[in-house]
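Visitor: The file below is upload_29.cif, mmCIF, C-alpha atoms:
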```cif
data_my_file
loop_
_atom_site.group_PDB
_atom_site.id
_atom_site.type_symbol
_atom_site.label_atom_id
_atom_site.label_comp_id
_atom_site.auth_asym_id
_atom_site.auth_seq_id
_atom_site.Cartn_x
_atom_site.Cartn_y
_atom_site.Cartn_z
ATOM 1 C CA MET B 140 -64.615 106.964 59.652
ATOM 2 C CA THR B 141 -64.801 108.594 56.206
ATOM 3 C CA PRO B 142 -68.166 108.599 54.350
ATOM 4 C CA ARG B 143 -66.751 106.302 51.649
ATOM 5 C CA LEU B 144 -65.443 103.778 54.165
ATOM 6 C CA ASN B 145 -68.640 104.041 56.186
ATOM 7 C CA ALA B 146 -70.687 103.278 53.068
ATOM 8 C CA ALA B 147 -68.471 100.319 52.256
ATOM 9 C CA VAL B 148 -68.903 98.958 55.760
ATOM 10 C CA SER B 149 -72.630 99.499 55.568
ATOM 11 C CA ARG B 150 -72.868 97.469 52.358
ATOM 12 C CA THR B 151 -70.831 94.572 53.675
ATOM 13 C CA VAL B 152 -71.950 94.338 57.332
ATOM 14 C CA PRO B 153 -75.171 92.413 58.077
ATOM 15 C CA GLN B 154 -78.265 94.390 59.167
ATOM 16 C CA ASN B 155 -78.194 93.191 62.768
ATOM 17 C CA ILE B 156 -74.577 94.287 63.148
ATOM 18 C CA ARG B 157 -75.281 97.739 61.699
ATOM 19 C CA LYS B 158 -77.659 98.403 64.562
ATOM 20 C CA ASP B 159 -74.968 97.665 67.133
ATOM 21 C CA PRO B 160 -72.104 100.258 67.086
ATOM 22 C CA ALA B 161 -69.880 98.002 69.161
ATOM 23 C CA ARG B 162 -70.225 95.217 66.627
ATOM 24 C CA ILE B 163 -69.350 97.624 63.831
ATOM 25 C CA VAL B 164 -66.192 98.640 65.654
ATOM 26 C CA TYR B 165 -65.215 95.033 66.276
ATOM 27 C CA SER B 166 -65.902 94.146 62.647
ATOM 28 C CA CYS B 167 -63.717 97.004 61.435
ATOM 29 C CA ILE B 168 -60.917 95.960 63.772
ATOM 30 C CA PHE B 169 -61.193 92.385 62.539
ATOM 31 C CA ALA B 170 -61.067 93.548 58.911
ATOM 32 C CA ILE B 171 -57.991 95.680 59.571
ATOM 33 C CA ILE B 172 -56.210 92.817 61.312
ATOM 34 C CA PHE B 173 -57.074 90.518 58.410
ATOM 35 C CA LEU B 174 -55.692 92.998 55.870
ATOM 36 C CA VAL B 175 -52.487 93.482 57.850
ATOM 37 C CA LEU B 176 -51.931 89.749 58.096
ATOM 38 C CA PHE B 177 -52.754 89.244 54.428
ATOM 39 C CA LEU B 178 -50.555 92.066 53.188
ATOM 40 C CA GLY B 179 -47.767 90.879 55.471
ATOM 41 C CA THR B 180 -47.599 87.683 53.471
ATOM 42 C CA VAL B 181 -47.166 89.514 50.157
ATOM 43 C CA ARG B 182 -43.607 89.725 48.964
ATOM 44 C CA PRO B 183 -42.218 91.820 46.108
ATOM 45 C CA ALA B 184 -41.409 89.902 42.955
ATOM 46 C CA ALA B 185 -37.954 88.408 43.060
ATOM 47 C CA ALA B 186 -35.389 90.227 40.950
ATOM 48 C CA ASP B 187 -33.895 88.559 37.918
ATOM 49 C CA TRP B 188 -30.250 88.508 38.932
ATOM 50 C CA ARG B 189 -29.139 86.576 35.840
ATOM 51 C CA PRO B 190 -27.592 89.586 34.075
ATOM 52 C CA LEU B 191 -25.305 90.184 37.051
ATOM 53 C CA VAL B 192 -24.502 86.489 37.389
ATOM 54 C CA GLU B 193 -23.505 86.301 33.716
ATOM 55 C CA ARG B 194 -21.463 89.471 33.935
ATOM 56 C CA LEU B 195 -19.565 88.337 37.011
ATOM 57 C CA ALA B 196 -18.927 84.902 35.531
ATOM 58 C CA ALA B 197 -17.594 86.527 32.355
ATOM 59 C CA ASP B 198 -15.252 88.605 34.537
ATOM 60 C CA GLY B 199 -13.735 85.485 36.042
ATOM 61 C CA PHE B 200 -15.753 84.881 39.204
ATOM 62 C CA ASN B 201 -16.756 81.292 39.899
ATOM 63 C CA ARG B 202 -20.229 80.797 38.419
ATOM 64 C CA GLN B 203 -21.396 78.279 41.006
ATOM 65 C CA MET B 204 -20.290 80.530 43.829
ATOM 66 C CA VAL B 205 -22.045 83.544 42.327
ATOM 67 C CA GLU B 206 -25.261 81.609 41.608
ATOM 68 C CA ALA B 207 -25.298 80.268 45.163
ATOM 69 C CA LEU B 208 -24.764 83.770 46.501
ATOM 70 C CA PHE B 209 -27.695 85.290 44.615
ATOM 71 C CA ALA B 210 -29.897 82.334 45.575
ATOM 72 C CA ARG B 211 -29.561 83.078 49.296
ATOM 73 C CA PRO B 212 -32.777 84.366 50.910
ATOM 74 C CA GLU B 213 -30.964 87.378 52.397
ATOM 75 C CA VAL B 214 -30.320 88.763 48.907
ATOM 76 C CA ARG B 215 -33.013 91.291 48.095
ATOM 77 C CA PHE B 216 -33.575 93.792 45.333
ATOM 78 C CA GLU B 217 -33.749 97.264 46.882
ATOM 79 C CA PRO B 218 -34.860 99.703 44.153
ATOM 80 C CA ASP B 219 -34.633 102.708 46.448
ATOM 81 C CA ALA B 220 -30.821 102.473 46.284
ATOM 82 C CA MET B 221 -30.636 103.782 42.726
ATOM 83 C CA ALA B 222 -33.862 105.788 42.965
ATOM 84 C CA GLU B 223 -32.551 107.875 45.863
ATOM 85 C CA LYS B 224 -29.254 108.485 44.092
ATOM 86 C CA ILE B 225 -30.921 109.609 40.840
ATOM 87 C CA GLN B 226 -33.402 111.809 42.684
ATOM 88 C CA ALA B 227 -30.561 113.495 44.575
ATOM 89 C CA LEU B 228 -28.766 114.150 41.283
ATOM 90 C CA LEU B 229 -31.927 115.546 39.697
ATOM 91 C CA ARG B 230 -32.549 117.860 42.645
ATOM 92 C CA SER B 231 -28.967 119.088 42.526
ATOM 93 C CA ARG B 232 -29.234 119.698 38.784
ATOM 94 C CA SER B 233 -32.402 121.754 39.174
ATOM 95 C CA GLU B 234 -31.004 124.104 41.811
ATOM 96 C CA SER B 235 -31.001 127.775 40.894
ATOM 97 C CA PRO B 236 -27.736 129.685 40.379
ATOM 98 C CA ASP B 237 -28.424 131.541 43.644
ATOM 99 C CA SER B 238 -28.786 128.264 45.539
ATOM 100 C CA VAL B 239 -25.568 126.926 44.059
ATOM 101 C CA ALA B 240 -23.773 130.119 45.025
ATOM 102 C CA ARG B 241 -25.050 129.853 48.610
ATOM 103 C CA LEU B 242 -23.662 126.329 48.904
ATOM 104 C CA LYS B 243 -20.146 127.731 48.630
ATOM 105 C CA THR B 244 -20.473 129.194 52.123
ATOM 106 C CA THR B 245 -23.047 126.850 53.675
ATOM 107 C CA VAL B 246 -21.997 124.880 56.762
ATOM 108 C CA ARG B 247 -23.875 122.226 58.742
ATOM 109 C CA ARG B 248 -24.393 124.188 61.946
ATOM 110 C CA ASP B 249 -25.483 121.137 63.941
ATOM 111 C CA TYR B 250 -21.851 119.977 63.923
ATOM 112 C CA LEU B 251 -20.637 123.279 65.384
ATOM 113 C CA SER B 252 -22.583 123.247 68.645
ATOM 114 C CA ASN B 253 -20.556 123.396 71.840
ATOM 115 C CA ARG B 254 -21.766 119.949 72.851
ATOM 116 C CA VAL B 255 -20.676 118.286 69.601
ATOM 117 C CA ILE B 256 -17.337 120.103 69.495
ATOM 118 C CA ALA B 257 -16.667 119.166 73.122
ATOM 119 C CA ARG B 258 -17.288 115.506 72.346
ATOM 120 C CA ALA B 259 -15.021 115.638 69.285
ATOM 121 C CA HIS B 260 -12.341 117.388 71.364
ATOM 122 C CA SER B 261 -12.539 114.641 73.988
ATOM 123 C CA TYR B 262 -12.150 112.045 71.241
ATOM 124 C CA THR B 263 -9.048 113.884 70.014
ATOM 125 C CA LEU B 264 -7.507 113.794 73.468
ATOM 126 C CA GLU B 265 -8.388 110.141 74.024
ATOM 127 C CA ASN B 266 -6.723 109.156 70.757
ATOM 128 C CA LYS B 267 -3.861 111.646 70.891
ATOM 129 C CA ALA B 268 -1.088 109.075 70.340
ATOM 130 C CA VAL B 269 -2.480 107.511 67.162
ATOM 131 C CA LEU B 270 -3.565 110.892 65.763
ATOM 132 C CA GLU B 271 -0.095 112.331 66.258
ATOM 133 C CA GLU B 272 1.370 109.269 64.544
ATOM 134 C CA VAL B 273 -1.007 109.838 61.644
ATOM 135 C CA HIS B 274 0.034 113.474 61.403
ATOM 136 C CA THR B 275 3.707 112.525 61.366
ATOM 137 C CA LEU B 276 3.274 109.898 58.643
ATOM 138 C CA TYR B 277 0.817 111.672 56.326
ATOM 139 C CA GLY B 278 0.964 115.349 57.236
ATOM 140 C CA VAL B 279 -2.780 115.527 57.891
ATOM 141 C CA PRO B 280 -3.730 117.446 61.070
ATOM 142 C CA LYS B 281 -5.571 115.498 63.755
ATOM 143 C CA GLU B 282 -8.417 118.020 63.674
ATOM 144 C CA ILE B 283 -9.156 117.208 60.032
ATOM 145 C CA ILE B 284 -9.165 113.455 60.724
ATOM 146 C CA VAL B 285 -11.493 113.782 63.719
ATOM 147 C CA SER B 286 -13.761 116.178 61.834
ATOM 148 C CA ILE B 287 -14.197 113.697 58.982
ATOM 149 C CA LEU B 288 -14.829 110.850 61.414
ATOM 150 C CA LEU B 289 -17.407 112.967 63.239
ATOM 151 C CA ILE B 290 -19.377 113.771 60.095
ATOM 152 C CA GLU B 291 -19.056 110.353 58.477
ATOM 153 C CA THR B 292 -20.031 108.110 61.393
ATOM 154 C CA ASN B 293 -20.499 110.232 64.516
ATOM 155 C CA LEU B 294 -17.008 109.264 65.691
ATOM 156 C CA GLY B 295 -17.633 105.626 64.844
ATOM 157 C CA ARG B 296 -21.018 105.315 66.533
ATOM 158 C CA ASN B 297 -23.042 104.944 63.340
ATOM 159 C CA THR B 298 -21.400 102.975 60.531
ATOM 160 C CA GLY B 299 -24.666 101.998 58.833
ATOM 161 C CA ASN B 300 -26.832 98.899 59.054
ATOM 162 C CA ARG B 301 -27.610 98.215 55.399
ATOM 163 C CA CYS B 302 -26.492 95.034 53.676
ATOM 164 C CA VAL B 303 -23.760 96.436 51.440
ATOM 165 C CA PHE B 304 -24.125 93.655 48.892
ATOM 166 C CA ASN B 305 -27.863 94.270 48.468
ATOM 167 C CA ARG B 306 -27.349 98.008 48.017
ATOM 168 C CA LEU B 307 -24.624 97.664 45.402
ATOM 169 C CA ALA B 308 -26.172 94.712 43.575
ATOM 170 C CA SER B 309 -29.498 96.555 43.374
ATOM 171 C CA MET B 310 -27.796 99.600 41.884
ATOM 172 C CA ALA B 311 -25.818 97.481 39.434
ATOM 173 C CA LEU B 312 -29.068 95.858 38.295
ATOM 174 C CA SER B 313 -30.711 99.269 37.861
ATOM 175 C CA ALA B 314 -28.475 100.720 35.163
ATOM 176 C CA ASP B 315 -31.531 101.061 32.914
ATOM 177 C CA LEU B 316 -33.709 104.042 33.807
ATOM 178 C CA GLU B 317 -36.845 102.020 33.077
ATOM 179 C CA THR B 318 -36.041 99.783 36.056
ATOM 180 C CA VAL B 319 -35.878 102.837 38.302
ATOM 181 C CA ARG B 320 -38.670 104.945 36.791
ATOM 182 C CA PRO B 321 -41.529 103.456 38.896
ATOM 183 C CA HIS B 322 -39.650 104.440 42.049
ATOM 184 C CA LEU B 323 -38.894 108.047 41.062
ATOM 185 C CA SER B 324 -40.950 111.086 41.971
ATOM 186 C CA GLY B 325 -43.034 112.124 38.968
ATOM 187 C CA GLU B 326 -42.304 115.757 39.704
ATOM 188 C CA LEU B 327 -38.540 115.281 39.465
ATOM 189 C CA LEU B 328 -38.250 113.283 36.240
ATOM 190 C CA THR B 329 -39.234 115.401 33.236
ATOM 191 C CA LEU B 330 -38.770 115.293 29.493
ATOM 192 C CA GLU B 331 -36.034 117.904 29.851
ATOM 193 C CA ASN B 332 -33.889 115.881 32.272
ATOM 194 C CA GLU B 333 -34.733 112.330 31.198
ATOM 195 C CA ALA B 334 -31.623 111.953 29.021
ATOM 196 C CA PHE B 335 -29.498 113.125 31.939
ATOM 197 C CA ALA B 336 -31.204 110.675 34.308
ATOM 198 C CA ARG B 337 -30.743 107.824 31.835
ATOM 199 C CA ARG B 338 -27.037 108.561 31.437
ATOM 200 C CA ARG B 339 -26.445 108.899 35.178
ATOM 201 C CA CYS B 340 -28.334 105.656 35.813
ATOM 202 C CA ARG B 341 -26.015 103.847 33.433
ATOM 203 C CA GLU B 342 -22.915 105.436 34.946
ATOM 204 C CA LYS B 343 -23.959 104.709 38.526
ATOM 205 C CA GLY B 344 -24.896 101.154 37.575
ATOM 206 C CA ASP B 345 -21.429 100.565 36.126
ATOM 207 C CA TRP B 346 -19.873 102.151 39.222
ATOM 208 C CA ALA B 347 -21.881 99.871 41.509
ATOM 209 C CA TYR B 348 -20.887 96.829 39.463
ATOM 210 C CA ASP B 349 -17.202 97.659 39.907
ATOM 211 C CA GLU B 350 -17.817 98.009 43.651
ATOM 212 C CA ILE B 351 -19.573 94.616 43.713
ATOM 213 C CA LYS B 352 -16.448 93.044 42.231
ATOM 214 C CA ALA B 353 -14.289 94.752 44.857
ATOM 215 C CA LEU B 354 -16.665 93.586 47.608
ATOM 216 C CA LEU B 355 -16.425 89.981 46.393
ATOM 217 C CA ARG B 356 -12.641 90.155 46.448
ATOM 218 C CA LEU B 357 -12.688 91.785 49.878
ATOM 219 C CA ALA B 358 -14.897 89.092 51.416
ATOM 220 C CA ASP B 359 -12.781 86.358 49.855
ATOM 221 C CA ARG B 360 -9.541 87.938 51.052
ATOM 222 C CA ASP B 361 -10.753 88.426 54.616
ATOM 223 C CA GLY B 362 -12.709 85.181 54.808
ATOM 224 C CA VAL B 363 -15.934 86.875 55.927
ATOM 225 C CA ASP B 364 -19.560 86.337 54.983
ATOM 226 C CA LEU B 365 -20.269 88.758 52.173
ATOM 227 C CA LEU B 366 -23.876 89.292 53.243
ATOM 228 C CA GLY B 367 -22.832 90.096 56.781
ATOM 229 C CA ILE B 368 -20.994 93.265 55.768
ATOM 230 C CA ARG B 369 -23.027 96.298 56.820
ATOM 231 C CA GLY B 370 -22.648 99.895 55.715
ATOM 232 C CA SER B 371 -24.330 103.016 54.374
ATOM 233 C CA ILE B 372 -27.259 103.356 51.971
ATOM 234 C CA TYR B 373 -24.794 103.491 49.066
ATOM 235 C CA GLY B 374 -22.468 100.749 50.292
ATOM 236 C CA ALA B 375 -19.751 102.637 52.191
ATOM 237 C CA ILE B 376 -18.018 100.604 54.894
ATOM 238 C CA GLY B 377 -16.393 101.147 58.272
ATOM 239 C CA LEU B 378 -15.656 104.045 60.596
ATOM 240 C CA CYS B 379 -14.307 106.059 57.688
ATOM 241 C CA GLN B 380 -16.993 104.996 55.171
ATOM 242 C CA PHE B 381 -14.843 103.732 52.301
ATOM 243 C CA MET B 382 -16.302 102.158 49.210
ATOM 244 C CA PRO B 383 -14.984 98.584 48.773
ATOM 245 C CA SER B 384 -12.613 99.498 45.934
ATOM 246 C CA ASN B 385 -10.967 102.224 48.041
ATOM 247 C CA ILE B 386 -10.138 99.714 50.761
ATOM 248 C CA PHE B 387 -7.707 98.048 48.368
ATOM 249 C CA ILE B 388 -6.171 101.363 47.318
ATOM 250 C CA TYR B 389 -6.091 103.433 50.497
ATOM 251 C CA GLY B 390 -6.831 101.036 53.360
ATOM 252 C CA VAL B 391 -3.997 100.678 55.895
ATOM 253 C CA ASP B 392 -3.266 97.790 58.243
ATOM 254 C CA ALA B 393 -1.983 100.218 60.848
ATOM 255 C CA ASP B 394 -2.313 97.852 63.809
ATOM 256 C CA ARG B 395 -0.330 95.215 61.865
ATOM 257 C CA ASP B 396 -2.700 92.351 62.589
ATOM 258 C CA GLY B 397 -2.501 91.147 58.997
ATOM 259 C CA ARG B 398 -5.876 92.554 57.946
ATOM 260 C CA ILE B 399 -7.223 95.943 56.915
ATOM 261 C CA ASP B 400 -10.239 96.396 59.163
ATOM 262 C CA LEU B 401 -11.991 99.718 58.755
ATOM 263 C CA PHE B 402 -14.112 98.967 61.812
ATOM 264 C CA ALA B 403 -10.882 99.054 63.847
ATOM 265 C CA LYS B 404 -10.044 102.571 64.999
ATOM 266 C CA THR B 405 -6.312 102.563 64.234
ATOM 267 C CA ASP B 406 -6.764 101.184 60.722
ATOM 268 C CA ALA B 407 -9.597 103.643 60.023
ATOM 269 C CA LEU B 408 -7.729 106.752 61.195
ATOM 270 C CA HIS B 409 -4.645 105.873 59.165
ATOM 271 C CA SER B 410 -6.801 105.059 56.143
ATOM 272 C CA ILE B 411 -8.526 108.460 56.227
ATOM 273 C CA ALA B 412 -5.162 110.197 56.222
ATOM 274 C CA ASN B 413 -3.811 107.897 53.521
ATOM 275 C CA TYR B 414 -6.814 108.694 51.319
ATOM 276 C CA LEU B 415 -6.364 112.439 51.761
ATOM 277 C CA CYS B 416 -2.640 112.179 51.152
ATOM 278 C CA GLY B 417 -3.280 110.114 48.036
ATOM 279 C CA HIS B 418 -5.600 112.818 46.735
ATOM 280 C CA GLY B 419 -3.068 115.584 47.112
ATOM 281 C CA TRP B 420 -3.030 116.657 50.743
ATOM 282 C CA ARG B 421 0.227 118.405 51.583
ATOM 283 C CA PRO B 422 1.379 120.118 54.791
ATOM 284 C CA GLU B 423 0.879 123.869 54.820
ATOM 285 C CA MET B 424 -1.458 123.837 51.803
ATOM 286 C CA ASP B 425 -3.924 126.738 51.721
ATOM 287 C CA ARG B 426 -7.620 126.456 52.524
ATOM 288 C CA ASN B 427 -8.656 126.158 48.889
ATOM 289 C CA GLY B 428 -6.323 123.218 48.452
ATOM 290 C CA GLN B 429 -7.625 121.582 51.627
ATOM 291 C CA HIS B 430 -11.197 122.105 50.457
ATOM 292 C CA ARG B 431 -10.455 120.476 47.106
ATOM 293 C CA VAL B 432 -8.933 117.369 48.712
ATOM 294 C CA ILE B 433 -11.762 117.000 51.248
ATOM 295 C CA PHE B 434 -14.283 117.395 48.421
ATOM 296 C CA ASP B 435 -12.684 114.338 46.821
ATOM 297 C CA TYR B 436 -13.458 112.388 50.000
ATOM 298 C CA ASN B 437 -17.155 113.212 49.766
ATOM 299 C CA HIS B 438 -18.350 115.091 46.710
ATOM 300 C CA SER B 439 -20.251 117.794 48.555
ATOM 301 C CA THR B 440 -19.299 121.437 48.921
ATOM 302 C CA VAL B 441 -21.252 121.695 52.175
ATOM 303 C CA TYR B 442 -19.448 118.603 53.484
ATOM 304 C CA ALA B 443 -16.017 120.095 52.774
ATOM 305 C CA ASN B 444 -17.064 123.438 54.273
ATOM 306 C CA THR B 445 -18.261 121.682 57.424
ATOM 307 C CA VAL B 446 -15.128 119.561 57.828
ATOM 308 C CA LEU B 447 -12.962 122.660 57.731
ATOM 309 C CA ALA B 448 -15.252 124.596 60.074
ATOM 310 C CA VAL B 449 -15.294 121.775 62.647
ATOM 311 C CA ALA B 450 -11.503 121.424 62.390
ATOM 312 C CA GLU B 451 -11.095 125.122 63.118
ATOM 313 C CA LYS B 452 -13.376 124.858 66.143
ATOM 314 C CA LEU B 453 -11.299 121.936 67.414
ATOM 315 C CA LYS B 454 -8.099 123.946 67.018
ATOM 316 C CA ASP B 455 -9.661 126.791 68.990
ATOM 317 C CA ARG B 456 -10.748 124.372 71.708
ATOM 318 C CA SER B 457 -7.234 122.922 71.924
ATOM 319 C CA ARG B 458 -5.727 126.384 72.335
ATOM 320 C CA THR B 459 -7.996 127.222 75.254
ATOM 321 C CA ARG B 460 -8.336 123.740 76.806
ATOM 322 C CA PRO B 461 -5.226 121.655 76.187
#
```
Any chance you could give the structure as structure tokens?
Guide:
Amino acid sequence: MTPRLNAAVSRTVPQNIRKDPARIVYSCIFAIIFLVLFLGTVRPAAADWRPLVERLAADGFNRQMVEALFARPEVRFEPDAMAEKIQALLRSRSESPDSVARLKTTVRRDYLSNRVIARAHSYTLENKAVLEEVHTLYGVPKEIIVSILLIETNLGRNTGNRCVFNRLASMALSADLETVRPHLSGELLTLENEAFARRRCREKGDWAYDEIKALLRLADRDGVDLLGIRGSIYGAIGLCQFMPSNIFIYGVDADRDGRIDLFAKTDALHSIANYLCGHGWRPEMDRNGQHRVIFDYNHSTVYANTVLAVAEKLKDRSRTRP
């Protein structure tokens, strides 16, 4: 027990208890339990969702429906959504020229282990028919598709457990830097980068609002509970981790069941290829061209490097172990 805490206990515990060490221990345990129970009942202040409600109503969404949605107890303001995004942008902006240069050749080595490559190779073999169909239709090699699926969701094993609506709505409500400031690291936000952070907050808030609109349309189209849709920390959905707006543009109902379901393997694999094709993928394009298109899928140089490196490993594995 620290001296300060010991002194506090000494002031508040009766004299007869101070003489009995066991009683002191029990009293401390009781106090801790009381604090845990008390703090467990404290809830963060509810967010004022009215700006989003008004904005959505002005954009043609049914006001009563939107008000009822935001009134549901599952809807929570999650400030870390925007805070984490802004902090990542600030860290990236502060990287030295040497660090930026190193990123051009950096690869996530954990995806290149023999164990991981063997599992991805097995997945390729198990899904050979659909992957060959994808290659025929879109010109994207099966190794690229499997590599992206591996990095995005561990071959579909981890699609995210966050409430997509809460993540996007929280970001849309945080377009003002002042809303996010209390949740940012004091070391990252400085006078020199504050204008940048303010601008990026506004841009990301507008982006999230557009994704909220797409999510509302998606839930209405598919007849699913909006708050039941789970995804990544920034609201990406399905095996292939599409943002809601991209589902409308690049999603494919490959299994022809009348619904684009990115949690269904066939739809997801076709949708990945359709996205890449839509962003310029062409057969026989050089590595720089491939890198550029993959970068559009996930705006990270290391990500694109890793996708290509994993794909090459898979090709090597196929040559030696058909």
Visitor: Provide the CA of Ile433 (chain B) to CA of Arg360 (chain B) distance in Å, to one decimal place.
Guide: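 These two atoms are separated by 29.1 Å.
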Visitor: Identify, on the basis of all atoms listed in the file, every residue whose closest approach to region 290-295 of chain B does not exceed 8 Å; exclude the query and any residue fewer than 2 positions from it along the same chain; express the result as a PyMOL selection string.
Guide: chain B and resi 250+259+262+285-288+297-298+378-380+446
Visitor: Keeping only C-alpha atoms, write those residues as a PDB file, in the coordinates of the input.
Guide:
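Listing of part-v1.pdb after writing:
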```pdb
ATOM      1  CA  TYR B 250     -21.851 119.977  63.923  1.00  0.00           C
ATOM      2  CA  ALA B 259     -15.021 115.638  69.285  1.00  0.00           C
ATOM      3  CA  TYR B 262     -12.150 112.045  71.241  1.00  0.00           C
ATOM      4  CA  VAL B 285     -11.493 113.782  63.719  1.00  0.00           C
ATOM      5  CA  SER B 286     -13.761 116.178  61.834  1.00  0.00           C
ATOM      6  CA  ILE B 287     -14.197 113.697  58.982  1.00  0.00           C
ATOM      7  CA  LEU B 288     -14.829 110.850  61.414  1.00  0.00           C
ATOM      8  CA  ASN B 297     -23.042 104.944  63.340  1.00  0.00           C
ATOM      9  CA  THR B 298     -21.400 102.975  60.531  1.00  0.00           C
ATOM     10  CA  LEU B 378     -15.656 104.045  60.596  1.00  0.00           C
ATOM     11  CA  CYS B 379     -14.307 106.059  57.688  1.00  0.00           C
ATOM     12  CA  GLN B 380     -16.993 104.996  55.171  1.00  0.00           C
ATOM     13  CA  VAL B 446     -15.128 119.561  57.828  1.00  0.00           C
TER      14      VAL B 446
END
```
Visitor: Given the file above and the PyMOL selection byres ((chain B and resi 313) around 12), which residues are selected, and can you give them as a PDB file with C-alpha atoms, keeping the file's coordinate frame?
Guide:
```pdb
ATOM      1  CA  ALA B 186     -35.389  90.227  40.950  1.00  0.00           C
ATOM      2  CA  ASP B 187     -33.895  88.559  37.918  1.00  0.00           C
ATOM      3  CA  TRP B 188     -30.250  88.508  38.932  1.00  0.00           C
ATOM      4  CA  PRO B 190     -27.592  89.586  34.075  1.00  0.00           C
ATOM      5  CA  LEU B 191     -25.305  90.184  37.051  1.00  0.00           C
ATOM      6  CA  PHE B 216     -33.575  93.792  45.333  1.00  0.00           C
ATOM      7  CA  GLU B 217     -33.749  97.264  46.882  1.00  0.00           C
ATOM      8  CA  PRO B 218     -34.860  99.703  44.153  1.00  0.00           C
ATOM      9  CA  ASP B 219     -34.633 102.708  46.448  1.00  0.00           C
ATOM     10  CA  ALA B 220     -30.821 102.473  46.284  1.00  0.00           C
ATOM     11  CA  MET B 221     -30.636 103.782  42.726  1.00  0.00           C
ATOM     12  CA  ALA B 222     -33.862 105.788  42.965  1.00  0.00           C
ATOM     13  CA  GLU B 223     -32.551 107.875  45.863  1.00  0.00           C
ATOM     14  CA  LYS B 224     -29.254 108.485  44.092  1.00  0.00           C
ATOM     15  CA  ILE B 225     -30.921 109.609  40.840  1.00  0.00           C
ATOM     16  CA  ARG B 306     -27.349  98.008  48.017  1.00  0.00           C
ATOM     17  CA  LEU B 307     -24.624  97.664  45.402  1.00  0.00           C
ATOM     18  CA  ALA B 308     -26.172  94.712  43.575  1.00  0.00           C
ATOM     19  CA  SER B 309     -29.498  96.555  43.374  1.00  0.00           C
ATOM     20  CA  MET B 310     -27.796  99.600  41.884  1.00  0.00           C
ATOM     21  CA  ALA B 311     -25.818  97.481  39.434  1.00  0.00           C
ATOM     22  CA  LEU B 312     -29.068  95.858  38.295  1.00  0.00           C
ATOM     23  CA  ALA B 314     -28.475 100.720  35.163  1.00  0.00           C
ATOM     24  CA  ASP B 315     -31.531 101.061  32.914  1.00  0.00           C
ATOM     25  CA  LEU B 316     -33.709 104.042  33.807  1.00  0.00           C
ATOM     26  CA  GLU B 317     -36.845 102.020  33.077  1.00  0.00           C
ATOM     27  CA  THR B 318     -36.041  99.783  36.056  1.00  0.00           C
ATOM     28  CA  VAL B 319     -35.878 102.837  38.302  1.00  0.00           C
ATOM     29  CA  ARG B 320     -38.670 104.945  36.791  1.00  0.00           C
ATOM     30  CA  PRO B 321     -41.529 103.456  38.896  1.00  0.00           C
ATOM     31  CA  HIS B 322     -39.650 104.440  42.049  1.00  0.00           C
ATOM     32  CA  ALA B 336     -31.204 110.675  34.308  1.00  0.00           C
ATOM     33  CA  ARG B 337     -30.743 107.824  31.835  1.00  0.00           C
ATOM     34  CA  ARG B 338     -27.037 108.561  31.437  1.00  0.00           C
ATOM     35  CA  ARG B 339     -26.445 108.899  35.178  1.00  0.00           C
ATOM     36  CA  CYS B 340     -28.334 105.656  35.813  1.00  0.00           C
ATOM     37  CA  ARG B 341     -26.015 103.847  33.433  1.00  0.00           C
ATOM     38  CA  GLU B 342     -22.915 105.436  34.946  1.00  0.00           C
ATOM     39  CA  LYS B 343     -23.959 104.709  38.526  1.00  0.00           C
ATOM     40  CA  GLY B 344     -24.896 101.154  37.575  1.00  0.00           C
ATOM     41  CA  ASP B 345     -21.429 100.565  36.126  1.00  0.00           C
ATOM     42  CA  TRP B 346     -19.873 102.151  39.222  1.00  0.00           C
ATOM     43  CA  ALA B 347     -21.881  99.871  41.509  1.00  0.00           C
ATOM     44  CA  TYR B 348     -20.887  96.829  39.463  1.00  0.00           C
TER      45      TYR B 348
END
```
Visitor: Can you list what the PyMOL selection byres ((chain B and resi 412) around 9) grabs from this structure, as a PyMOL selection string?
Guide: chain B and resi 273-274+276-280+283-284+389+407-411+413-417+420
Visitor: Using all atoms listed in the file, which residue out of B:Pro212, B:Gly419, B:Gly374, B:Gly397 lies closest to Arg431 (chain B)?
Guide: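 Going through B:Pro212, B:Gly419, B:Gly374, B:Gly397 one by one, the smallest distance to Arg431 (chain B) is for B:Gly419.
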Visitor: List the neighbours of region 243-246 of chain B out to 10 Å using all atoms listed in the file; skip same-chain residues closer than 5 positions along the sequence, and give me the result as an MDAnalysis selection string.
Guide: chainID B and resid 238 251 439:449
Visitor: Just give me the gap between CA of Ala227 (chain B) and CA of Gly377 (chain B) in Å, one decimal is fine.
Guide: 23.3 Å
Visitor: Kindly indicate which residue among B:Arg254, B:Arg426, B:Lys281, B:Arg301 lies nearest to Arg215 (chain B), using only C-alpha atoms for the distances.
Guide: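 Closest to Arg215 (chain B), using only C-alpha atoms: B:Arg301.
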Visitor: Give me the residues near Asp394 (chain B) as a VMD selection string, where near means some atom within 10 Å (using all atoms listed in the file) and where sequence neighbours in that chain fewer than 4 positions away do not count.
Guide: chain B and resid 398 to 400 403 to 406 409
Visitor: Would you translate the PyMOL selection byres ((chain B and resi 382) around 10) into the concrete set of residues it matches in this file, as an MDAnalysis selection string?
Guide: chainID B and resid 303 347 350:351 353:354 370:371 373:377 379:381 383:387
Visitor: Taking all atoms of region 371-377 of chain B that the file lists, what box with edges along x, y and z, padded by 3 Å per side, do you get, with centre and edge lengths in Å to one decimal, as AutoDock Vina command-line options?
Guide:
```
--center_x -21.8 --center_y 102.0 --center_z 53.7 --size_x 16.9 --size_y 8.9 --size_z 15.2
```
Visitor: Could you tell me how far CA of Asn305 (chain B) lies from CA of Val214 (chain B), in Å and to one decimal?
Guide: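 Here the two named atoms are 6.0 Å from each other.
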